[in-house]
$ cat structure34.pdb   # PDB, N, CA and C atoms
MODEL        1
ATOM      1  N   MET A   1    -109.711 102.698 -52.806  1.00  0.00           N
ATOM      2  CA  MET A   1    -108.277 102.795 -52.604  1.00  0.00           C
ATOM      3  C   MET A   1    -107.608 102.674 -53.969  1.00  0.00           C
ATOM      4  N   ASN A   2    -106.673 103.576 -54.258  1.00  0.00           N
ATOM      5  CA  ASN A   2    -106.014 103.521 -55.558  1.00  0.00           C
ATOM      6  C   ASN A   2    -104.816 102.578 -55.521  1.00  0.00           C
ATOM      7  N   ALA A   3    -104.218 102.349 -56.666  1.00  0.00           N
ATOM      8  CA  ALA A   3    -103.122 101.389 -56.789  1.00  0.00           C
ATOM      9  C   ALA A   3    -101.913 101.813 -55.962  1.00  0.00           C
ATOM     10  N   GLY A   4    -101.631 103.091 -55.898  1.00  0.00           N
ATOM     11  CA  GLY A   4    -100.487 103.580 -55.117  1.00  0.00           C
ATOM     12  C   GLY A   4    -100.629 103.254 -53.646  1.00  0.00           C
ATOM     13  N   ASN A   5    -101.829 103.472 -53.116  1.00  0.00           N
ATOM     14  CA  ASN A   5    -102.068 103.151 -51.710  1.00  0.00           C
ATOM     15  C   ASN A   5    -101.985 101.652 -51.465  1.00  0.00           C
ATOM     16  N   SER A   6    -102.465 100.876 -52.403  1.00  0.00           N
ATOM     17  CA  SER A   6    -102.417  99.425 -52.265  1.00  0.00           C
ATOM     18  C   SER A   6    -100.980  98.938 -52.204  1.00  0.00           C
ATOM     19  N   ILE A   7    -100.121  99.503 -53.049  1.00  0.00           N
ATOM     20  CA  ILE A   7     -98.712  99.109 -53.060  1.00  0.00           C
ATOM     21  C   ILE A   7     -98.051  99.478 -51.741  1.00  0.00           C
ATOM     22  N   VAL A   8     -98.318 100.670 -51.260  1.00  0.00           N
ATOM     23  CA  VAL A   8     -97.732 101.122 -49.992  1.00  0.00           C
ATOM     24  C   VAL A   8     -98.192 100.219 -48.846  1.00  0.00           C
ATOM     25  N   CYS A   9     -99.472  99.883 -48.823  1.00  0.00           N
ATOM     26  CA  CYS A   9     -99.996  99.003 -47.777  1.00  0.00           C
ATOM     27  C   CYS A   9     -99.368  97.619 -47.865  1.00  0.00           C
ATOM     28  N   PHE A  10     -99.208  97.106 -49.079  1.00  0.00           N
ATOM     29  CA  PHE A  10     -98.589  95.800 -49.261  1.00  0.00           C
ATOM     30  C   PHE A  10     -97.153  95.806 -48.749  1.00  0.00           C
ATOM     31  N   ILE A  11     -96.384  96.833 -49.113  1.00  0.00           N
ATOM     32  CA  ILE A  11     -94.991  96.924 -48.673  1.00  0.00           C
ATOM     33  C   ILE A  11     -94.910  97.049 -47.162  1.00  0.00           C
ATOM     34  N   ALA A  12     -95.773  97.868 -46.576  1.00  0.00           N
ATOM     35  CA  ALA A  12     -95.769  98.031 -45.118  1.00  0.00           C
ATOM     36  C   ALA A  12     -96.099  96.704 -44.423  1.00  0.00           C
ATOM     37  N   GLY A  13     -97.064  95.979 -44.940  1.00  0.00           N
ATOM     38  CA  GLY A  13     -97.414  94.681 -44.366  1.00  0.00           C
ATOM     39  C   GLY A  13     -96.288  93.678 -44.510  1.00  0.00           C
ATOM     40  N   ALA A  14     -95.639  93.695 -45.672  1.00  0.00           N
ATOM     41  CA  ALA A  14     -94.514  92.781 -45.891  1.00  0.00           C
ATOM     42  C   ALA A  14     -93.378  93.098 -44.933  1.00  0.00           C
ATOM     43  N   LEU A  15     -93.103  94.375 -44.728  1.00  0.00           N
ATOM     44  CA  LEU A  15     -92.054  94.770 -43.790  1.00  0.00           C
ATOM     45  C   LEU A  15     -92.383  94.331 -42.366  1.00  0.00           C
ATOM     46  N   ALA A  16     -93.606  94.544 -41.961  1.00  0.00           N
ATOM     47  CA  ALA A  16     -94.015  94.157 -40.603  1.00  0.00           C
ATOM     48  C   ALA A  16     -93.917  92.645 -40.420  1.00  0.00           C
ATOM     49  N   GLY A  17     -94.370  91.892 -41.410  1.00  0.00           N
ATOM     50  CA  GLY A  17     -94.292  90.438 -41.327  1.00  0.00           C
ATOM     51  C   GLY A  17     -92.864  89.942 -41.311  1.00  0.00           C
ATOM     52  N   ALA A  18     -92.027  90.534 -42.145  1.00  0.00           N
ATOM     53  CA  ALA A  18     -90.620  90.132 -42.187  1.00  0.00           C
ATOM     54  C   ALA A  18     -89.921  90.461 -40.871  1.00  0.00           C
ATOM     55  N   ALA A  19     -90.201  91.627 -40.330  1.00  0.00           N
ATOM     56  CA  ALA A  19     -89.581  92.013 -39.062  1.00  0.00           C
ATOM     57  C   ALA A  19     -90.007  91.075 -37.939  1.00  0.00           C
ATOM     58  N   ALA A  20     -91.284  90.753 -37.884  1.00  0.00           N
ATOM     59  CA  ALA A  20     -91.772  89.839 -36.846  1.00  0.00           C
ATOM     60  C   ALA A  20     -91.144  88.458 -36.996  1.00  0.00           C
ATOM     61  N   ALA A  21     -91.054  87.975 -38.224  1.00  0.00           N
ATOM     62  CA  ALA A  21     -90.467  86.653 -38.452  1.00  0.00           C
ATOM     63  C   ALA A  21     -89.000  86.628 -38.036  1.00  0.00           C
ATOM     64  N   LEU A  22     -88.270  87.681 -38.375  1.00  0.00           N
ATOM     65  CA  LEU A  22     -86.858  87.718 -38.020  1.00  0.00           C
ATOM     66  C   LEU A  22     -86.649  87.851 -36.514  1.00  0.00           C
ATOM     67  N   LEU A  23     -87.467  88.662 -35.886  1.00  0.00           N
ATOM     68  CA  LEU A  23     -87.300  88.872 -34.447  1.00  0.00           C
ATOM     69  C   LEU A  23     -87.705  87.647 -33.633  1.00  0.00           C
ATOM     70  N   LEU A  24     -88.593  86.842 -34.146  1.00  0.00           N
ATOM     71  CA  LEU A  24     -89.050  85.657 -33.419  1.00  0.00           C
ATOM     72  C   LEU A  24     -88.288  84.394 -33.811  1.00  0.00           C
ATOM     73  N   ALA A  25     -87.381  84.506 -34.764  1.00  0.00           N
ATOM     74  CA  ALA A  25     -86.611  83.348 -35.219  1.00  0.00           C
ATOM     75  C   ALA A  25     -85.598  82.926 -34.150  1.00  0.00           C
ATOM     76  N   PRO A  26     -85.423  81.622 -33.993  1.00  0.00           N
ATOM     77  CA  PRO A  26     -84.483  81.131 -32.969  1.00  0.00           C
ATOM     78  C   PRO A  26     -83.034  81.093 -33.472  1.00  0.00           C
ATOM     79  N   GLU A  27     -82.504  82.221 -33.888  1.00  0.00           N
ATOM     80  CA  GLU A  27     -81.123  82.304 -34.348  1.00  0.00           C
ATOM     81  C   GLU A  27     -80.376  83.318 -33.500  1.00  0.00           C
ATOM     82  N   SER A  28     -79.054  83.335 -33.674  1.00  0.00           N
ATOM     83  CA  SER A  28     -78.237  84.278 -32.917  1.00  0.00           C
ATOM     84  C   SER A  28     -78.536  85.702 -33.359  1.00  0.00           C
ATOM     85  N   GLY A  29     -78.190  86.640 -32.520  1.00  0.00           N
ATOM     86  CA  GLY A  29     -78.409  88.050 -32.833  1.00  0.00           C
ATOM     87  C   GLY A  29     -77.663  88.482 -34.079  1.00  0.00           C
ATOM     88  N   GLU A  30     -76.436  87.963 -34.246  1.00  0.00           N
ATOM     89  CA  GLU A  30     -75.627  88.336 -35.402  1.00  0.00           C
ATOM     90  C   GLU A  30     -76.290  87.879 -36.705  1.00  0.00           C
ATOM     91  N   LYS A  31     -76.772  86.644 -36.720  1.00  0.00           N
ATOM     92  CA  LYS A  31     -77.445  86.134 -37.916  1.00  0.00           C
ATOM     93  C   LYS A  31     -78.732  86.907 -38.182  1.00  0.00           C
ATOM     94  N   THR A  32     -79.452  87.210 -37.127  1.00  0.00           N
ATOM     95  CA  THR A  32     -80.702  87.950 -37.281  1.00  0.00           C
ATOM     96  C   THR A  32     -80.432  89.351 -37.825  1.00  0.00           C
ATOM     97  N   ARG A  33     -79.414  90.026 -37.305  1.00  0.00           N
ATOM     98  CA  ARG A  33     -79.079  91.367 -37.794  1.00  0.00           C
ATOM     99  C   ARG A  33     -78.673  91.324 -39.265  1.00  0.00           C
ATOM    100  N   GLU A  34     -77.930  90.288 -39.650  1.00  0.00           N
ATOM    101  CA  GLU A  34     -77.530  90.153 -41.051  1.00  0.00           C
ATOM    102  C   GLU A  34     -78.751  89.956 -41.947  1.00  0.00           C
ATOM    103  N   LYS A  35     -79.697  89.152 -41.487  1.00  0.00           N
ATOM    104  CA  LYS A  35     -80.922  88.945 -42.255  1.00  0.00           C
ATOM    105  C   LYS A  35     -81.707  90.249 -42.380  1.00  0.00           C
ATOM    106  N   ILE A  36     -81.759  91.006 -41.308  1.00  0.00           N
ATOM    107  CA  ILE A  36     -82.479  92.279 -41.335  1.00  0.00           C
ATOM    108  C   ILE A  36     -81.819  93.229 -42.336  1.00  0.00           C
ATOM    109  N   LYS A  37     -80.496  93.290 -42.325  1.00  0.00           N
ATOM    110  CA  LYS A  37     -79.787  94.151 -43.275  1.00  0.00           C
ATOM    111  C   LYS A  37     -80.086  93.741 -44.707  1.00  0.00           C
ATOM    112  N   LYS A  38     -80.020  92.440 -44.982  1.00  0.00           N
ATOM    113  CA  LYS A  38     -80.289  91.961 -46.339  1.00  0.00           C
ATOM    114  C   LYS A  38     -81.738  92.253 -46.733  1.00  0.00           C
ATOM    115  N   GLY A  39     -82.658  92.007 -45.816  1.00  0.00           N
ATOM    116  CA  GLY A  39     -84.072  92.266 -46.101  1.00  0.00           C
ATOM    117  C   GLY A  39     -84.331  93.737 -46.356  1.00  0.00           C
ATOM    118  N   ALA A  40     -83.713  94.590 -45.570  1.00  0.00           N
ATOM    119  CA  ALA A  40     -83.892  96.032 -45.748  1.00  0.00           C
ATOM    120  C   ALA A  40     -83.329  96.479 -47.098  1.00  0.00           C
ATOM    121  N   ALA A  41     -82.194  95.915 -47.489  1.00  0.00           N
ATOM    122  CA  ALA A  41     -81.604  96.267 -48.781  1.00  0.00           C
ATOM    123  C   ALA A  41     -82.517  95.830 -49.924  1.00  0.00           C
ATOM    124  N   GLU A  42     -83.116  94.646 -49.792  1.00  0.00           N
ATOM    125  CA  GLU A  42     -84.028  94.159 -50.829  1.00  0.00           C
ATOM    126  C   GLU A  42     -85.274  95.041 -50.917  1.00  0.00           C
ATOM    127  N   VAL A  43     -85.811  95.406 -49.763  1.00  0.00           N
ATOM    128  CA  VAL A  43     -87.001  96.262 -49.747  1.00  0.00           C
ATOM    129  C   VAL A  43     -86.682  97.628 -50.347  1.00  0.00           C
ATOM    130  N   ALA A  44     -85.519  98.176 -50.002  1.00  0.00           N
ATOM    131  CA  ALA A  44     -85.127  99.476 -50.550  1.00  0.00           C
ATOM    132  C   ALA A  44     -84.978  99.395 -52.063  1.00  0.00           C
ATOM    133  N   SER A  45     -84.386  98.319 -52.535  1.00  0.00           N
ATOM    134  CA  SER A  45     -84.223  98.141 -53.973  1.00  0.00           C
ATOM    135  C   SER A  45     -85.577  98.041 -54.673  1.00  0.00           C
ATOM    136  N   THR A  46     -86.475  97.265 -54.096  1.00  0.00           N
ATOM    137  CA  THR A  46     -87.809  97.110 -54.667  1.00  0.00           C
ATOM    138  C   THR A  46     -88.553  98.437 -54.653  1.00  0.00           C
ATOM    139  N   ALA A  47     -88.450  99.175 -53.553  1.00  0.00           N
ATOM    140  CA  ALA A  47     -89.137 100.464 -53.447  1.00  0.00           C
ATOM    141  C   ALA A  47     -88.610 101.444 -54.495  1.00  0.00           C
ATOM    142  N   LYS A  48     -87.288 101.465 -54.684  1.00  0.00           N
ATOM    143  CA  LYS A  48     -86.709 102.360 -55.691  1.00  0.00           C
ATOM    144  C   LYS A  48     -87.204 101.991 -57.084  1.00  0.00           C
ATOM    145  N   SER A  49     -87.266 100.706 -57.352  1.00  0.00           N
ATOM    146  CA  SER A  49     -87.734 100.236 -58.653  1.00  0.00           C
ATOM    147  C   SER A  49     -89.190 100.634 -58.888  1.00  0.00           C
ATOM    148  N   LYS A  50     -90.029 100.408 -57.885  1.00  0.00           N
ATOM    149  CA  LYS A  50     -91.450 100.747 -58.012  1.00  0.00           C
ATOM    150  C   LYS A  50     -91.639 102.256 -58.143  1.00  0.00           C
ATOM    151  N   LEU A  51     -90.845 103.020 -57.426  1.00  0.00           N
ATOM    152  CA  LEU A  51     -90.929 104.478 -57.519  1.00  0.00           C
ATOM    153  C   LEU A  51     -90.561 104.931 -58.928  1.00  0.00           C
ATOM    154  N   ALA A  52     -89.506 104.351 -59.479  1.00  0.00           N
ATOM    155  CA  ALA A  52     -89.095 104.703 -60.843  1.00  0.00           C
ATOM    156  C   ALA A  52     -90.199 104.350 -61.841  1.00  0.00           C
ATOM    157  N   GLU A  53     -90.832 103.179 -61.660  1.00  0.00           N
ATOM    158  CA  GLU A  53     -91.938 102.784 -62.537  1.00  0.00           C
ATOM    159  C   GLU A  53     -93.092 103.783 -62.426  1.00  0.00           C
ATOM    160  N   GLY A  54     -93.403 104.183 -61.213  1.00  0.00           N
ATOM    161  CA  GLY A  54     -94.486 105.139 -60.996  1.00  0.00           C
ATOM    162  C   GLY A  54     -94.187 106.489 -61.625  1.00  0.00           C
ATOM    163  N   LEU A  55     -92.960 106.942 -61.463  1.00  0.00           N
ATOM    164  CA  LEU A  55     -92.575 108.220 -62.064  1.00  0.00           C
ATOM    165  C   LEU A  55     -92.639 108.151 -63.583  1.00  0.00           C
ATOM    166  N   ASP A  56     -92.198 107.035 -64.153  1.00  0.00           N
ATOM    167  CA  ASP A  56     -92.290 106.863 -65.608  1.00  0.00           C
ATOM    168  C   ASP A  56     -93.746 106.906 -66.065  1.00  0.00           C
ATOM    169  N   ALA A  57     -94.616 106.267 -65.301  1.00  0.00           N
ATOM    170  CA  ALA A  57     -96.029 106.256 -65.660  1.00  0.00           C
ATOM    171  C   ALA A  57     -96.621 107.660 -65.596  1.00  0.00           C
ATOM    172  N   VAL A  58     -96.262 108.401 -64.579  1.00  0.00           N
ATOM    173  CA  VAL A  58     -96.766 109.784 -64.443  1.00  0.00           C
ATOM    174  C   VAL A  58     -96.237 110.650 -65.580  1.00  0.00           C
ATOM    175  N   GLU A  59     -94.935 110.519 -65.886  1.00  0.00           N
ATOM    176  CA  GLU A  59     -94.371 111.288 -66.983  1.00  0.00           C
ATOM    177  C   GLU A  59     -95.041 110.941 -68.307  1.00  0.00           C
ATOM    178  N   GLY A  60     -95.310 109.653 -68.521  1.00  0.00           N
ATOM    179  CA  GLY A  60     -95.999 109.238 -69.743  1.00  0.00           C
ATOM    180  C   GLY A  60     -97.387 109.821 -69.835  1.00  0.00           C
ATOM    181  N   ALA A  61     -98.105 109.801 -68.717  1.00  0.00           N
ATOM    182  CA  ALA A  61     -99.460 110.340 -68.701  1.00  0.00           C
ATOM    183  C   ALA A  61     -99.450 111.846 -68.957  1.00  0.00           C
ATOM    184  N   LEU A  62     -98.489 112.537 -68.358  1.00  0.00           N
ATOM    185  CA  LEU A  62     -98.383 113.978 -68.579  1.00  0.00           C
ATOM    186  C   LEU A  62     -98.003 114.284 -70.028  1.00  0.00           C
ATOM    187  N   ALA A  63     -97.137 113.483 -70.601  1.00  0.00           N
ATOM    188  CA  ALA A  63     -96.734 113.689 -71.996  1.00  0.00           C
ATOM    189  C   ALA A  63     -97.917 113.488 -72.935  1.00  0.00           C
ATOM    190  N   GLN A  64     -98.752 112.499 -72.621  1.00  0.00           N
ATOM    191  CA  GLN A  64     -99.928 112.242 -73.466  1.00  0.00           C
ATOM    192  C   GLN A  64    -100.905 113.416 -73.417  1.00  0.00           C
ATOM    193  N   LYS A  65    -100.968 114.073 -72.284  1.00  0.00           N
ATOM    194  CA  LYS A  65    -101.888 115.197 -72.147  1.00  0.00           C
ATOM    195  C   LYS A  65    -101.244 116.493 -72.605  1.00  0.00           C
ATOM    196  N   GLY A  66     -99.966 116.439 -72.963  1.00  0.00           N
ATOM    197  CA  GLY A  66     -99.274 117.633 -73.450  1.00  0.00           C
ATOM    198  C   GLY A  66     -98.894 118.599 -72.354  1.00  0.00           C
ATOM    199  N   ILE A  67     -98.694 118.080 -71.176  1.00  0.00           N
ATOM    200  CA  ILE A  67     -98.352 118.954 -70.037  1.00  0.00           C
ATOM    201  C   ILE A  67     -96.855 118.950 -69.834  1.00  0.00           C
TER     202      ILE A  67
ENDMDL
END

$ encode --input "structure34.pdb" --output "structure tokens"
Amino acid sequence: MNAGNSIVCFIAGALAGAAAALLLAPESGEKTREKIKKGAAEVASTAKSKLAEGLDAVEGALAQKGI
């Protein structure tokens, strides 16, 4: 398994765990929905950051090979 697949699997597992924890938490629906929104925003931000890092790495590798 390459690093890209490992990252995707890690993020998917983190999302599943976070969703289960939020859905099973003994809080009101409003608080739970707010937590889900915040968690989703954090995950989206992290995913965008990791994607940008990956694209930079690919561009660097292509530049080194003269492509």

$ residues_around --input "structure34.pdb" --residues "region 34-50 of chain A" --least-positions-apart "5" --cutoff "7 Å" --atoms "only N, CA and C atoms" --output "ChimeraX atom specification"
/A:22,29,55

$ atom_distance --input "structure34.pdb" --atom1 "CA of Gly66 (chain A)" --atom2 "atom N of Leu51 (chain A)"
23.3 Å

$ atom_distance --input "structure34.pdb" --atom1 "CA of Ala21 (chain A)" --atom2 "CA of Ile7 (chain A)"
20.9 Å

$ atom_distance --input "structure34.pdb" --atom1 "CA of Gly4 (chain A)" --atom2 "CA of Glu53 (chain A)"
11.3 Å

$ axis_aligned_box --input "structure34.pdb" --around "region 9-27 of chain A" --padding-each-side "3 Å" --output "AutoDock Vina command-line options"
--center_x -90.2 --center_y 90.5 --center_z -41.1 --size_x 25.6 --size_y 24.8 --size_z 22.3

$ residues_around --input "structure34.pdb" --residues "Leu23 (chain A)" --least-positions-apart "3" --cutoff "8 Å" --atoms "only C-alpha atoms" --output "list of chain:residue names"
A:Ala19, A:Ala20, A:Thr32
